[in-house]
Amino acid sequence: MIRSATRADVPAITDIYAEAVKHGTATFELTPPDTAEMTRRFDELSRGGFPYLVAICDGSIAGYAYAALYRARPAYRFTVENSVYLAPANHRQGIGLALLTELVVQCEARGFRQMIAVIGDSANAASVGVHTRAGFEMTGTMKNVGFKFGRWLDTVLMQRPLGDGGTTLPKG
């Protein structure tokens with residue numbers, strides 16, 4: 001089941017993200033933020049009207065996804081960046097694709113026109129594959145832009161149009 005996240009979900013979201021920070025290269029953060037910081041981030045996105053979702057499996061939060069502005073400058077106001085994180089036990093079960101698919105639907109309903117994926121580590125084939133299955137296309141790779149776990153990491157950029165994409169003028 002996928003539903004909108006609530007503040008009560010933030011501790012579980014914090015735990016999932018902490019695992020990704022400590023053991024993965026999907027994020028280039030080096031120190032896991034605490035629950036207070038994750039609550040601040042959640043509140044900021046919620047106030048901004050961005051979708052923030054959780055996937056529930058067997059009564060627990062298996063993963064989460066959210067959209068945020070791609071860049072702060074006004075010309076980017078119709079473009080969002082997605083983030084999807086799963087608890088380690090829930091990888092490779094289709095949960096990430098389900099979260100991303102619902103995130104796309106909710107962003108389209110809010111009038112956004114483009115979604116950008118900034119994927120940490122070009123070796124992250126699972127994330128690239130999920131985004132490809134969700135309709136994203138590869139737009140480029142920035143080489144050696146992050147340094148984590150004693151090695152240089154690339155960033156993969158992927159993009160997907162939302163709704164009419166760039167074929168019509170946006171409203172507002």
# chains A, B, ... in the order shown; residues from 1 in each chain; ligands from 1
$ closest_atom_pairs --of "stretch 39-60 of chain A" --to "stretch 99-121 of chain A" --cutoff "12 Å" --atoms "only C-alpha atoms" --output "tab-separated table"
residue	atom	partner	partner_atom	distance
A:Gly48	CA	A:Arg110	CA	11.3
A:Gly49	CA	A:Arg110	CA	8.5
A:Phe50	CA	A:Cys107	CA	7.6
A:Pro51	CA	A:Gln106	CA	6.5
A:Tyr52	CA	A:Leu103	CA	7.9
A:Leu53	CA	A:Leu99	CA	7.2
A:Val54	CA	A:Leu99	CA	7.5
A:Ala55	CA	A:Leu99	CA	6.8
A:Ile56	CA	A:Leu99	CA	10.5
$ select_by_dssp --residues "chain A" --states "helix (DSSP H, G or I)" --output "ChimeraX atom specification"
/A:7-23,35-47,74-76,88-90,95-109,125-133
$ closest_residue --among "A:Ser46, A:Asn90, A:Gln159, A:Ser4" --to "A:Ile16" --atoms "only C-alpha atoms"
A:Asn90
$ residues_around --residues "A:Asp15" --least-positions-apart "3" --cutoff "12 Å" --atoms "only C-alpha atoms" --output "JSON, numbers by chain"
{"A": [9, 10, 11, 12, 18, 19, 20, 21, 22, 32, 33, 34, 35, 38, 61, 62, 63, 64, 85, 86, 87, 88]}
$ atom_distance --atom1 "atom CA of A:Arg151" --atom2 "atom CA of A:Glu37"
27.0 Å
$ select_by_dssp --residues "chain A" --states "strand (DSSP E)" --output "number ranges by chain"
A: 2-4, 52-57, 60-69, 79-86, 114-120, 137-148, 151-161
$ closest_residue --among "A:Arg160, A:Trp152, A:Ile2, A:Arg73" --to "A:Met138" --atoms "only C-alpha atoms"
A:Arg160
$ decode --residues "stretch 68-136 of chain A" --atoms "C-alpha atoms" --output "tab-separated table (two decimals), in the first residue's frame"
chain	number	residue	atom	x	y	z
A	68	ALA	CA	11.16	18.66	-4.39
A	69	LEU	CA	11.99	21.59	-6.60
A	70	TYR	CA	14.86	20.74	-8.92
A	71	ARG	CA	16.36	24.21	-8.44
A	72	ALA	CA	15.25	27.25	-6.44
A	73	ARG	CA	15.24	29.83	-9.25
A	74	PRO	CA	11.73	30.70	-10.51
A	75	ALA	CA	12.24	29.46	-14.06
A	76	TYR	CA	12.54	25.91	-12.66
A	77	ARG	CA	9.17	26.06	-10.85
A	78	PHE	CA	7.62	23.38	-13.09
A	79	THR	CA	10.50	20.93	-12.66
A	80	VAL	CA	10.91	18.57	-9.71
A	81	GLU	CA	13.60	16.18	-8.58
A	82	ASN	CA	12.59	12.82	-7.14
A	83	SER	CA	14.04	10.82	-4.27
A	84	VAL	CA	13.22	7.19	-3.53
A	85	TYR	CA	14.67	5.15	-0.66
A	86	LEU	CA	13.88	1.63	0.51
A	87	ALA	CA	14.63	-0.29	3.66
A	88	PRO	CA	17.39	-2.82	2.82
A	89	ALA	CA	15.05	-5.81	3.28
A	90	ASN	CA	12.68	-4.38	0.66
A	91	HIS	CA	14.99	-3.98	-2.31
A	92	ARG	CA	14.17	-5.73	-5.60
A	93	GLN	CA	10.49	-6.31	-4.82
A	94	GLY	CA	8.94	-3.65	-7.07
A	95	ILE	CA	8.33	-1.23	-4.20
A	96	GLY	CA	10.65	1.44	-5.60
A	97	LEU	CA	8.91	1.37	-8.97
A	98	ALA	CA	5.48	1.53	-7.30
A	99	LEU	CA	6.55	4.56	-5.23
A	100	LEU	CA	8.09	6.30	-8.24
A	101	THR	CA	5.04	5.61	-10.42
A	102	GLU	CA	2.69	7.11	-7.82
A	103	LEU	CA	5.04	10.05	-7.33
A	104	VAL	CA	4.86	10.77	-11.08
A	105	VAL	CA	1.04	10.65	-10.97
A	106	GLN	CA	0.89	13.05	-8.03
A	107	CYS	CA	3.40	15.47	-9.57
A	108	GLU	CA	1.45	15.52	-12.83
A	109	ALA	CA	-1.74	16.29	-10.88
A	110	ARG	CA	0.05	19.27	-9.29
A	111	GLY	CA	0.96	20.69	-12.70
A	112	PHE	CA	4.67	19.90	-12.76
A	113	ARG	CA	6.07	19.30	-16.25
A	114	GLN	CA	9.46	17.60	-15.83
A	115	MET	CA	10.95	15.22	-13.29
A	116	ILE	CA	14.68	14.88	-12.84
A	117	ALA	CA	16.47	11.96	-11.21
A	118	VAL	CA	19.92	12.67	-9.81
A	119	ILE	CA	21.26	9.19	-9.15
A	120	GLY	CA	24.32	8.86	-6.96
A	121	ASP	CA	26.91	6.43	-8.35
A	122	SER	CA	26.80	5.38	-11.98
A	123	ALA	CA	27.18	1.78	-10.77
A	124	ASN	CA	23.71	1.98	-9.18
A	125	ALA	CA	22.12	-0.20	-11.86
A	126	ALA	CA	19.01	-0.88	-9.75
A	127	SER	CA	18.09	2.80	-9.52
A	128	VAL	CA	18.87	3.43	-13.19
A	129	GLY	CA	16.70	0.43	-14.08
A	130	VAL	CA	13.76	1.55	-11.94
A	131	HIS	CA	13.87	5.01	-13.47
A	132	THR	CA	14.09	3.57	-16.99
A	133	ARG	CA	11.03	1.38	-16.31
A	134	ALA	CA	9.21	4.50	-15.06
A	135	GLY	CA	9.79	6.29	-18.37
A	136	PHE	CA	12.96	8.25	-17.62
